>>> print(open('input.txt').read())   # compact mmCIF, C-alpha atoms
# COMPACT_ATOMS: atom_id res chain seq x y z
CA MET A 1 21.90 -26.58 60.72
CA SER A 2 18.72 -25.19 62.23
CA SER A 3 17.34 -21.70 62.51
CA HIS A 4 18.09 -21.86 66.25
CA ALA A 5 21.86 -21.70 65.69
CA PRO A 6 23.42 -18.90 67.78
CA ASN A 7 24.36 -15.68 66.06
CA LEU A 8 26.97 -13.09 67.01
CA ASP A 9 24.66 -11.37 69.51
CA ASP A 10 24.01 -14.70 71.24
CA LEU A 11 27.70 -15.53 71.52
CA ILE A 12 28.54 -12.10 72.93
CA SER A 13 25.79 -12.51 75.54
CA LEU A 14 27.03 -16.01 76.31
CA ASN A 15 30.55 -14.60 76.72
CA GLN A 16 29.35 -12.11 79.30
CA GLU A 17 27.35 -14.75 81.17
CA ILE A 18 30.20 -17.28 81.33
CA ALA A 19 32.70 -14.61 82.41
CA ALA A 20 30.37 -13.45 85.19
CA LEU A 21 29.74 -17.01 86.40
CA VAL A 22 33.45 -17.87 86.46
CA ARG A 23 34.31 -14.71 88.40
CA ALA A 24 31.51 -15.41 90.87
CA GLY A 25 32.67 -19.00 91.32
CA ILE A 26 29.32 -20.43 90.27
CA PRO A 27 29.48 -23.82 88.47
CA LEU A 28 28.67 -23.33 84.80
CA GLU A 29 26.35 -26.35 84.65
CA LEU A 30 24.16 -24.59 87.22
CA GLY A 31 24.53 -20.99 86.14
CA LEU A 32 23.89 -21.62 82.46
CA ARG A 33 20.73 -23.64 83.00
CA GLY A 34 17.61 -21.63 82.31
CA LEU A 35 19.55 -18.58 81.12
CA SER A 36 17.07 -15.98 79.83
CA GLY A 37 17.15 -12.44 78.59
CA GLY A 38 19.02 -13.20 75.39
CA GLY A 39 16.25 -14.77 73.35
CA VAL A 40 15.16 -18.29 72.51
CA ARG A 41 18.38 -19.27 70.75
CA LEU A 42 20.59 -18.21 73.66
CA ALA A 43 18.37 -19.96 76.22
CA ALA A 44 18.39 -23.18 74.18
CA LEU A 45 22.16 -23.00 73.70
CA SER A 46 22.82 -22.42 77.40
CA ASP A 47 20.54 -25.33 78.37
CA ARG A 48 22.38 -27.66 75.97
CA LEU A 49 25.74 -26.55 77.31
CA ALA A 50 24.60 -26.99 80.92
CA ALA A 51 23.42 -30.54 80.20
CA ARG A 52 26.72 -31.48 78.56
CA LEU A 53 28.76 -29.94 81.37
CA ALA A 54 26.67 -31.88 83.90
CA ASN A 55 27.56 -35.06 81.99
CA GLY A 56 31.26 -34.39 82.52
CA LEU A 57 32.28 -32.64 79.30
CA THR A 58 34.63 -29.67 79.40
CA LEU A 59 33.34 -26.30 78.22
CA SER A 60 35.30 -26.45 74.96
CA ALA A 61 34.09 -30.01 74.30
CA ALA A 62 30.51 -28.99 75.07
CA LEU A 63 30.78 -26.14 72.56
CA ALA A 64 32.34 -28.45 69.97
CA GLU A 65 29.21 -30.62 70.20
CA GLU A 66 27.32 -27.74 68.55
CA GLY A 67 29.16 -28.50 65.31
CA SER A 68 29.46 -25.71 62.75
CA ALA A 69 26.82 -23.66 64.57
CA VAL A 70 29.63 -22.42 66.83
CA SER A 71 32.78 -21.17 65.15
CA PRO A 72 35.98 -23.13 65.82
CA VAL A 73 37.53 -19.76 66.64
CA TYR A 74 35.18 -19.42 69.61
CA THR A 75 36.08 -22.89 70.86
CA ALA A 76 39.78 -22.10 70.42
CA VAL A 77 39.43 -18.98 72.57
CA ILE A 78 37.75 -21.07 75.28
CA GLU A 79 40.60 -23.59 75.20
CA ALA A 80 43.24 -20.86 75.35
CA GLY A 81 41.47 -19.18 78.25
CA LEU A 82 41.18 -22.44 80.15
CA ALA A 83 44.86 -23.23 79.51
CA ALA A 84 45.84 -19.83 80.89
CA GLY A 85 43.47 -20.10 83.83
CA LYS A 86 41.98 -16.75 82.75
CA LEU A 87 38.80 -17.66 80.94
CA PRO A 88 36.93 -14.38 81.68
CA GLU A 89 39.77 -12.28 80.24
CA ALA A 90 39.92 -14.45 77.11
CA LEU A 91 36.17 -14.18 76.60
CA GLU A 92 36.22 -10.43 77.09
CA SER A 93 38.93 -10.15 74.44
CA LEU A 94 36.75 -12.05 72.00
CA ALA A 95 33.71 -9.98 72.96
CA ILE A 96 35.55 -6.76 72.12
CA SER A 97 36.36 -8.04 68.64
CA GLY A 98 32.77 -9.20 68.20
CA ARG A 99 31.35 -5.85 69.24
CA VAL A 100 33.64 -3.96 66.85
CA ILE A 101 32.47 -6.09 63.90
CA GLN A 102 28.87 -6.05 65.11
CA GLU A 103 28.64 -2.28 65.44
CA THR A 104 30.36 -1.70 62.10
CA ARG A 105 28.04 -4.19 60.40
CA ARG A 106 24.92 -2.59 61.90
CA ARG A 107 25.98 0.91 60.92
CA VAL A 108 26.67 -0.08 57.32
CA LEU A 109 23.47 -2.13 56.98
CA LEU A 110 21.46 0.82 58.31
CA ALA A 111 23.17 3.05 55.77
CA LEU A 112 22.07 0.66 53.02
CA LEU A 113 18.41 1.33 53.79
CA TYR A 114 18.19 4.63 51.88
CA PRO A 115 20.01 3.35 48.75
CA ALA A 116 17.80 0.24 48.83
CA ILE A 117 14.67 2.39 48.83
CA CYS A 118 16.08 4.42 45.94
CA VAL A 119 16.78 1.24 43.97
CA VAL A 120 13.25 -0.09 44.52
CA VAL A 121 11.63 3.22 43.49
CA ALA A 122 13.90 3.47 40.44
CA TYR A 123 13.04 -0.07 39.40
CA LEU A 124 9.30 0.61 39.72
CA LEU A 125 9.70 3.72 37.56
CA PHE A 126 11.65 1.65 35.03
CA CYS A 127 8.87 -0.96 34.93
CA GLY A 128 6.31 1.78 34.34
CA PHE A 129 8.48 3.22 31.58
CA VAL A 130 8.90 -0.04 29.63
CA THR A 131 5.26 -1.09 30.15
CA PHE A 132 3.19 2.07 29.68
CA LEU A 133 5.31 4.95 28.42
CA ILE A 134 7.14 3.32 25.51
CA PRO A 135 3.89 2.48 23.61
CA GLN A 136 2.86 6.12 23.97
CA LEU A 137 6.17 7.19 22.42
CA GLU A 138 5.87 4.90 19.41
CA PRO A 139 4.44 7.67 17.13
CA VAL A 140 7.46 9.79 18.02
CA PHE A 141 9.84 6.93 17.20
CA GLU A 142 8.33 6.72 13.71
CA LEU A 143 9.53 10.27 13.08
CA LEU A 144 13.07 9.53 14.17
CA PRO A 145 15.78 8.10 11.93
CA HIS A 146 16.72 4.49 12.55
CA ASN A 147 19.29 4.37 15.39
CA TRP A 148 20.39 2.11 18.22
CA VAL A 149 18.60 4.11 20.92
CA VAL A 150 15.19 3.53 19.35
CA ASP A 151 16.02 -0.14 18.82
CA LEU A 152 17.05 -0.48 22.45
CA VAL A 153 13.87 1.15 23.73
CA ARG A 154 11.71 -1.07 21.53
CA GLN A 155 13.55 -4.18 22.73
CA LEU A 156 12.96 -3.15 26.34
CA HIS A 157 9.24 -3.00 25.63
CA GLU A 158 9.35 -6.32 23.76
CA TYR A 159 11.01 -8.11 26.68
CA ARG A 160 9.04 -6.29 29.37
CA GLY A 161 7.71 -9.59 30.70
CA TYR A 162 11.19 -10.75 31.64
CA LEU A 163 12.11 -7.36 33.08
CA THR A 164 8.98 -6.78 35.14
CA LEU A 165 7.96 -10.32 36.13
CA VAL A 166 10.75 -12.88 35.71
CA PHE A 167 13.57 -10.75 37.15
CA PRO A 168 11.63 -9.76 40.33
CA ALA A 169 10.59 -13.41 40.80
CA VAL A 170 14.20 -14.58 40.54
CA MET A 171 15.38 -11.91 42.98
CA PHE A 172 12.60 -12.74 45.45
CA THR A 173 13.46 -16.44 45.25
CA ALA A 174 17.12 -15.66 45.88
CA VAL A 175 16.23 -13.59 48.96
CA VAL A 176 13.95 -16.31 50.32
CA LEU A 177 16.62 -18.97 49.81
CA THR A 178 19.19 -16.75 51.49
CA VAL A 179 16.93 -16.40 54.54
CA LEU A 180 16.10 -20.11 54.65
CA LEU A 181 19.76 -21.10 54.27
CA ARG A 182 21.13 -18.41 56.55
CA ASP A 183 22.69 -21.10 58.73
CA GLY A 184 24.43 -22.74 55.79
CA VAL A 185 26.57 -21.54 52.92
CA THR A 186 24.86 -18.17 52.63
CA ARG A 187 25.41 -17.45 56.31
CA THR A 188 29.14 -18.12 55.95
CA PHE A 189 29.33 -15.96 52.83
CA TRP A 190 27.34 -13.10 54.37
CA ASN A 191 29.30 -13.13 57.63
CA GLY A 192 32.56 -13.11 55.71
CA LEU A 193 31.38 -10.26 53.49
CA THR A 194 30.19 -8.07 56.38
CA SER A 195 33.00 -8.80 58.82
CA PHE A 196 35.20 -6.29 56.89
CA ARG A 197 38.18 -8.57 57.28
CA TRP A 198 39.78 -6.79 54.34
CA LEU A 199 40.26 -3.71 56.54
CA ILE A 200 39.83 -4.51 60.24
CA GLY A 201 39.75 -8.32 60.39
CA ARG A 202 43.51 -8.86 60.28
CA CYS A 203 44.13 -6.24 62.97
CA LEU A 204 41.54 -7.94 65.18
CA ASN A 205 43.16 -11.31 64.48
CA TRP A 206 46.60 -10.09 65.58
CA ALA A 207 45.12 -8.36 68.63
CA GLN A 208 43.31 -11.57 69.58
CA PHE A 209 46.39 -13.73 69.00
CA THR A 210 48.82 -11.59 70.97
CA GLU A 211 46.42 -11.07 73.86
CA LEU A 212 45.64 -14.77 74.28
CA LEU A 213 49.32 -15.66 73.96
CA ALA A 214 50.14 -13.09 76.65
CA LEU A 215 47.53 -14.61 78.99
CA GLN A 216 49.07 -18.06 78.58
CA VAL A 217 52.64 -16.81 78.96
CA ASP A 218 51.61 -15.12 82.21
CA HIS A 219 50.24 -18.47 83.35
CA HIS A 220 53.57 -20.18 82.42
CA ALA A 221 51.88 -22.41 79.84
CA PRO A 222 54.27 -24.29 77.52
CA LEU A 223 55.11 -21.89 74.70
CA PRO A 224 54.64 -24.43 71.84
CA LEU A 225 51.12 -25.28 73.02
CA ALA A 226 50.28 -21.67 73.87
CA PHE A 227 51.38 -20.53 70.41
CA VAL A 228 49.06 -23.01 68.67
CA LEU A 229 46.08 -22.27 70.94
CA ALA A 230 46.46 -18.53 70.41
CA ALA A 231 46.78 -18.95 66.64
CA ASP A 232 43.62 -21.08 66.52
CA SER A 233 41.69 -18.12 67.95
CA THR A 234 42.19 -16.26 64.66
CA GLU A 235 40.29 -16.77 61.40
CA ASP A 236 43.43 -17.12 59.27
CA ALA A 237 43.98 -20.74 58.20
CA ARG A 238 47.38 -19.94 56.71
CA TRP A 239 48.58 -18.42 59.97
CA GLN A 240 47.31 -21.41 61.90
CA ARG A 241 49.44 -23.71 59.73
CA GLU A 242 52.49 -21.50 60.19
CA ALA A 243 51.90 -21.39 63.96
CA ARG A 244 51.95 -25.18 64.09
CA ASP A 245 55.24 -25.14 62.21
CA VAL A 246 56.65 -22.67 64.77
CA SER A 247 55.37 -24.88 67.58
CA ASN A 248 57.03 -27.99 66.11
CA GLN A 249 60.34 -26.17 65.82
CA LEU A 250 60.10 -25.05 69.46
CA VAL A 251 59.42 -28.65 70.53
CA ASN A 252 62.53 -29.74 68.58
CA GLY A 253 64.70 -27.27 70.49
CA VAL A 254 64.90 -24.41 68.00
CA SER A 255 65.12 -20.98 69.59
CA PHE A 256 62.06 -18.75 69.58
CA ALA A 257 63.72 -16.15 67.34
CA GLU A 258 64.74 -18.79 64.81
CA ALA A 259 61.33 -20.48 64.83
CA LEU A 260 59.58 -17.17 64.19
CA ARG A 261 61.39 -16.79 60.87
CA SER A 262 59.02 -19.35 59.34
CA ALA A 263 56.00 -17.26 60.42
CA VAL A 264 55.90 -15.22 57.21
CA SER A 265 52.29 -14.12 57.80
CA LEU A 266 53.34 -12.35 60.97
CA PRO A 267 54.33 -8.70 60.33
CA PRO A 268 58.15 -8.30 60.50
CA LEU A 269 57.94 -5.73 63.31
CA VAL A 270 55.81 -8.11 65.37
CA ARG A 271 58.28 -10.96 64.82
CA TRP A 272 61.16 -8.77 65.91
CA MET A 273 59.34 -7.45 68.99
CA MET A 274 58.25 -10.94 70.06
CA ALA A 275 61.76 -12.35 69.62
CA THR A 276 63.28 -9.41 71.51
CA GLY A 277 60.69 -9.60 74.28
CA GLU A 278 61.26 -13.34 74.76
CA LYS A 279 65.04 -12.83 74.88
CA GLN A 280 64.70 -10.11 77.53
CA GLY A 281 62.18 -12.07 79.59
CA MET A 282 59.41 -9.55 78.78
CA LEU A 283 57.39 -11.56 76.25
CA ALA A 284 54.04 -11.13 78.05
CA GLU A 285 54.48 -7.34 78.35
CA THR A 286 55.49 -7.10 74.69
CA LEU A 287 52.48 -9.14 73.59
CA ARG A 288 50.08 -6.98 75.61
CA HIS A 289 51.58 -3.87 74.02
CA LEU A 290 51.13 -5.35 70.56
CA SER A 291 47.58 -6.38 71.36
CA GLY A 292 46.64 -2.87 72.49
CA THR A 293 48.25 -1.35 69.40
CA TYR A 294 46.40 -3.60 66.97
CA ARG A 295 43.14 -3.13 68.86
CA ARG A 296 43.43 0.66 68.54
CA VAL A 297 44.23 0.38 64.83
CA ALA A 298 41.17 -1.82 64.30
CA LEU A 299 38.95 0.64 66.17
CA ARG A 300 40.22 3.55 64.08
CA ARG A 301 39.62 1.66 60.85
CA ALA A 302 36.16 0.60 62.00
CA ALA A 303 35.34 4.25 62.72
CA THR A 304 36.50 5.15 59.21
CA ILE A 305 34.26 2.48 57.69
CA LYS A 306 31.24 3.62 59.71
CA VAL A 307 31.71 7.23 58.58
CA TRP A 308 32.76 6.96 54.95
CA LEU A 309 31.40 3.68 53.60
CA PRO A 310 27.72 4.71 54.02
CA VAL A 311 28.49 8.01 52.25
CA MET A 312 30.17 6.24 49.34
CA ILE A 313 27.35 3.69 49.06
CA THR A 314 24.72 6.44 48.96
CA ILE A 315 26.64 8.46 46.36
CA CYS A 316 27.24 5.45 44.13
CA PHE A 317 23.68 4.09 44.27
CA THR A 318 21.71 7.32 44.07
CA GLY A 319 24.19 8.95 41.67
CA GLY A 320 24.13 5.91 39.42
CA ILE A 321 20.34 5.85 39.36
CA GLY A 322 20.14 9.56 38.59
CA MET A 323 22.69 9.23 35.80
CA ALA A 324 20.90 6.24 34.29
CA PHE A 325 17.54 8.05 34.16
CA GLY A 326 19.20 11.19 32.87
CA VAL A 327 20.86 9.31 30.04
CA ALA A 328 17.63 7.41 29.31
CA PHE A 329 15.82 10.73 28.91
CA PHE A 330 18.40 12.86 27.11
CA LEU A 331 19.57 10.30 24.54
CA PRO A 332 16.12 9.85 22.95
CA LEU A 333 15.55 13.62 23.22
CA ARG A 334 18.84 14.28 21.44
CA MET A 335 17.95 11.81 18.69
CA PHE A 336 14.54 13.44 18.33
CA LEU A 337 16.02 16.93 18.00
CA LEU A 338 18.60 15.72 15.50
CA GLY A 339 15.81 14.13 13.49
CA LEU A 340 13.87 17.40 13.45
CA MET A 341 16.97 19.29 12.32
CA ASN A 342 17.44 16.91 9.42
CA GLU A 343 13.86 17.29 8.22
>>> encode(input="input.txt", output="structure tokens")
Amino acid sequence: MSSHAPNLDDLISLNQEIAALVRAGIPLELGLRGLSGGGVRLAALSDRLAARLANGLTLSAALAEEGSAVSPVYTAVIEAGLAAGKLPEALESLAISGRVIQETRRRVLLALLYPAICVVVAYLLFCGFVTFLIPQLEPVFELLPHNWVVDLVRQLHEYRGYLTLVFPAVMFTAVVLTVLLRDGVTRTFWNGLTSFRWLIGRCLNWAQFTELLALQVDHHAPLPLAFVLAADSTEDARWQREARDVSNQLVNGVSFAEALRSAVSLPPLVRWMMATGEKQGMLAETLRHLSGTYRRVALRRAATIKVWLPVMITICFTGGIGMAFGVAFFLPLRMFLLGLMNE
């Protein structure tokens, strides 16, 4: 993996460019060549894709040549859009999900700036305390009775080298390695951590799945194949396995309602609505309704994250720092006053 691997911004820009070219009827191998305005990574990616398309590869195969630099989910969306004959609509659906995660991630990372500054200032004050202030307090400690607070403060001064030099060096090395390996394991971990899948990711997955399935149903694509392609556009490996099981049952002649019973990851209401919609010949309309519902839920939850998570982060970080310094000051002061009272 190189540092020129496309990020989320690049893929969203590429989405918009491909959708515009398809709608305009311009061949992708010509329109993508020399694409600019999105940065070096996007231009390099578009040139590579244009060259592969000119050599006869399909768009999904050309993207697959990028390896792990391009998510399999992105390639799956391309394949589903091509199967439905509605590639621009499929890409726009993915772009919406990407923008929701992107905006939420940016808002939260910006909110982390103030707590990060507080942490750095607090750590510098702590280093000054263990390095310069504790030796000045040693005459006072001699007047105090032996207690764990005094022992703790003296141990902090004794191990000040580890606290003020080794620990910052380790943290700096970790940050540098994270930056250098941002296209490897750390990139996967960071993207997973900041995609907020625990709150909005599943809603976006279901919105993506139902919308792509609706596009293929409208295009009269075979339901077993459409089901698998739509499921591959999500980031849920368990659901992808269940979708393949549903597809195999459909191929073997099992009814849609019966096959859906094995899709335990699918919410019960969604299973019922899909089975009912297919029975009434309104599966595409039902899927579009479900997609809109899940999309609105994801947007509401993203708005909640953007409003409340920064507040909670600030309170926890700054409140924790204030409490730690307060305790560090008042405990020795209490011990000192108790010592004076016992004299």
>>> atom_distance(input="input.txt", atom1="CA of Arg41 (chain A)", atom2="CA of Leu299 (chain A)")
29.0 Å
>>> residues_around(input="input.txt", residues="Glu211 (chain A)", least_positions_apart="4", cutoff="9 Å", atoms="all atoms listed in the file", output="list of chain:residue names")
A:Ala90, A:Ser93, A:Trp206, A:Ala207, A:Leu215, A:Gln216, A:Ala230, A:Ala284, A:Leu287, A:Arg288, A:His289, A:Leu290, A:Ser291, A:Gly292
>>> write_last_selection(input="input.txt", atoms="C-alpha atoms", output="PDB file, in the frame of the given file")
ATOM      1  CA  ALA A  90      39.920 -14.450  77.110  1.00  0.00           C
ATOM      2  CA  SER A  93      38.930 -10.150  74.440  1.00  0.00           C
ATOM      3  CA  TRP A 206      46.600 -10.090  65.580  1.00  0.00           C
ATOM      4  CA  ALA A 207      45.120  -8.360  68.630  1.00  0.00           C
ATOM      5  CA  LEU A 215      47.530 -14.610  78.990  1.00  0.00           C
ATOM      6  CA  GLN A 216      49.070 -18.060  78.580  1.00  0.00           C
ATOM      7  CA  ALA A 230      46.460 -18.530  70.410  1.00  0.00           C
ATOM      8  CA  ALA A 284      54.040 -11.130  78.050  1.00  0.00           C
ATOM      9  CA  LEU A 287      52.480  -9.140  73.590  1.00  0.00           C
ATOM     10  CA  ARG A 288      50.080  -6.980  75.610  1.00  0.00           C
ATOM     11  CA  HIS A 289      51.580  -3.870  74.020  1.00  0.00           C
ATOM     12  CA  LEU A 290      51.130  -5.350  70.560  1.00  0.00           C
ATOM     13  CA  SER A 291      47.580  -6.380  71.360  1.00  0.00           C
ATOM     14  CA  GLY A 292      46.640  -2.870  72.490  1.00  0.00           C
TER      15      GLY A 292
END
>>> atom_distance(input="input.txt", atom1="CA of Gly128 (chain A)", atom2="CA of Glu142 (chain A)")
21.3 Å
>>> atom_distance(input="input.txt", atom1="CA of Arg296 (chain A)", atom2="CA of Lys86 (chain A)")
22.5 Å
>>> closest_residue(input="input.txt", among="A:Glu103, A:Glu17, A:Asp232, A:Glu258", to="Leu212 (chain A)", atoms="all atoms listed in the file")
A:Asp232
>>> closest_residue(input="input.txt", among="A:Leu82, A:Leu125, A:Leu21, A:Leu63", to="His219 (chain A)", atoms="only C-alpha atoms")
A:Leu82
>>> axis_aligned_box(input="input.txt", around="region 201-212 of chain A", padding_each_side="8 Å", output="JSON")
{"center_x": 44.3, "center_y": -10.5, "center_z": 67.3, "size_x": 25.1, "size_y": 24.5, "size_z": 30.0}
>>> closest_residue(input="input.txt", among="A:Pro115, A:Phe227, A:Leu11, A:Gln240", to="Val264 (chain A)", atoms="all atoms listed in the file")
A:Gln240
>>> closest_residue(input="input.txt", among="A:Thr286, A:Val100, A:Ala214, A:Leu225", to="Arg301 (chain A)", atoms="all atoms listed in the file")
A:Val100
>>> residues_near_point(input="input.txt", point="(44.7, -17.6, 59.5)", cutoff="12 Å", atoms="all atoms listed in the file", output="PDB file with C-alpha atoms, in the frame of the given file")
ATOM      1  CA  VAL A  73      37.530 -19.760  66.640  1.00  0.00           C
ATOM      2  CA  ARG A 197      38.180  -8.570  57.280  1.00  0.00           C
ATOM      3  CA  GLY A 201      39.750  -8.320  60.390  1.00  0.00           C
ATOM      4  CA  ARG A 202      43.510  -8.860  60.280  1.00  0.00           C
ATOM      5  CA  CYS A 203      44.130  -6.240  62.970  1.00  0.00           C
ATOM      6  CA  LEU A 204      41.540  -7.940  65.180  1.00  0.00           C
ATOM      7  CA  ASN A 205      43.160 -11.310  64.480  1.00  0.00           C
ATOM      8  CA  TRP A 206      46.600 -10.090  65.580  1.00  0.00           C
ATOM      9  CA  GLN A 208      43.310 -11.570  69.580  1.00  0.00           C
ATOM     10  CA  PHE A 209      46.390 -13.730  69.000  1.00  0.00           C
ATOM     11  CA  VAL A 228      49.060 -23.010  68.670  1.00  0.00           C
ATOM     12  CA  ALA A 230      46.460 -18.530  70.410  1.00  0.00           C
ATOM     13  CA  ALA A 231      46.780 -18.950  66.640  1.00  0.00           C
ATOM     14  CA  ASP A 232      43.620 -21.080  66.520  1.00  0.00           C
ATOM     15  CA  SER A 233      41.690 -18.120  67.950  1.00  0.00           C
ATOM     16  CA  THR A 234      42.190 -16.260  64.660  1.00  0.00           C
ATOM     17  CA  GLU A 235      40.290 -16.770  61.400  1.00  0.00           C
ATOM     18  CA  ASP A 236      43.430 -17.120  59.270  1.00  0.00           C
ATOM     19  CA  ALA A 237      43.980 -20.740  58.200  1.00  0.00           C
ATOM     20  CA  ARG A 238      47.380 -19.940  56.710  1.00  0.00           C
ATOM     21  CA  TRP A 239      48.580 -18.420  59.970  1.00  0.00           C
ATOM     22  CA  GLN A 240      47.310 -21.410  61.900  1.00  0.00           C
ATOM     23  CA  ARG A 241      49.440 -23.710  59.730  1.00  0.00           C
ATOM     24  CA  GLU A 242      52.490 -21.500  60.190  1.00  0.00           C
ATOM     25  CA  ALA A 243      51.900 -21.390  63.960  1.00  0.00           C
ATOM     26  CA  ARG A 244      51.950 -25.180  64.090  1.00  0.00           C
ATOM     27  CA  ALA A 263      56.000 -17.260  60.420  1.00  0.00           C
ATOM     28  CA  VAL A 264      55.900 -15.220  57.210  1.00  0.00           C
ATOM     29  CA  SER A 265      52.290 -14.120  57.800  1.00  0.00           C
ATOM     30  CA  LEU A 266      53.340 -12.350  60.970  1.00  0.00           C
TER      31      LEU A 266
END
>>> closest_residue(input="input.txt", among="A:Ala302, A:Cys316, A:Leu213, A:Leu59", to="Leu229 (chain A)", atoms="all atoms listed in the file")
A:Leu213
>>> closest_residue(input="input.txt", among="A:Gly81, A:Gly161, A:Gly322, A:Gly56", to="Ala226 (chain A)", atoms="all atoms listed in the file")
A:Gly81
>>> residues_around(input="input.txt", residues="Val119 (chain A)", least_positions_apart="4", cutoff="10 Å", atoms="only C-alpha atoms", output="list in words")
Leu113, Tyr114, Pro115, Tyr123, Leu124, Leu125, Phe317, Thr318, Gly320 and Ile321 of chain A
>>> residues_around(input="input.txt", residues="Val251 (chain A)", least_positions_apart="3", cutoff="7 Å", atoms="all atoms listed in the file", output="PyMOL selection string")
chain A and resi 224+247-248
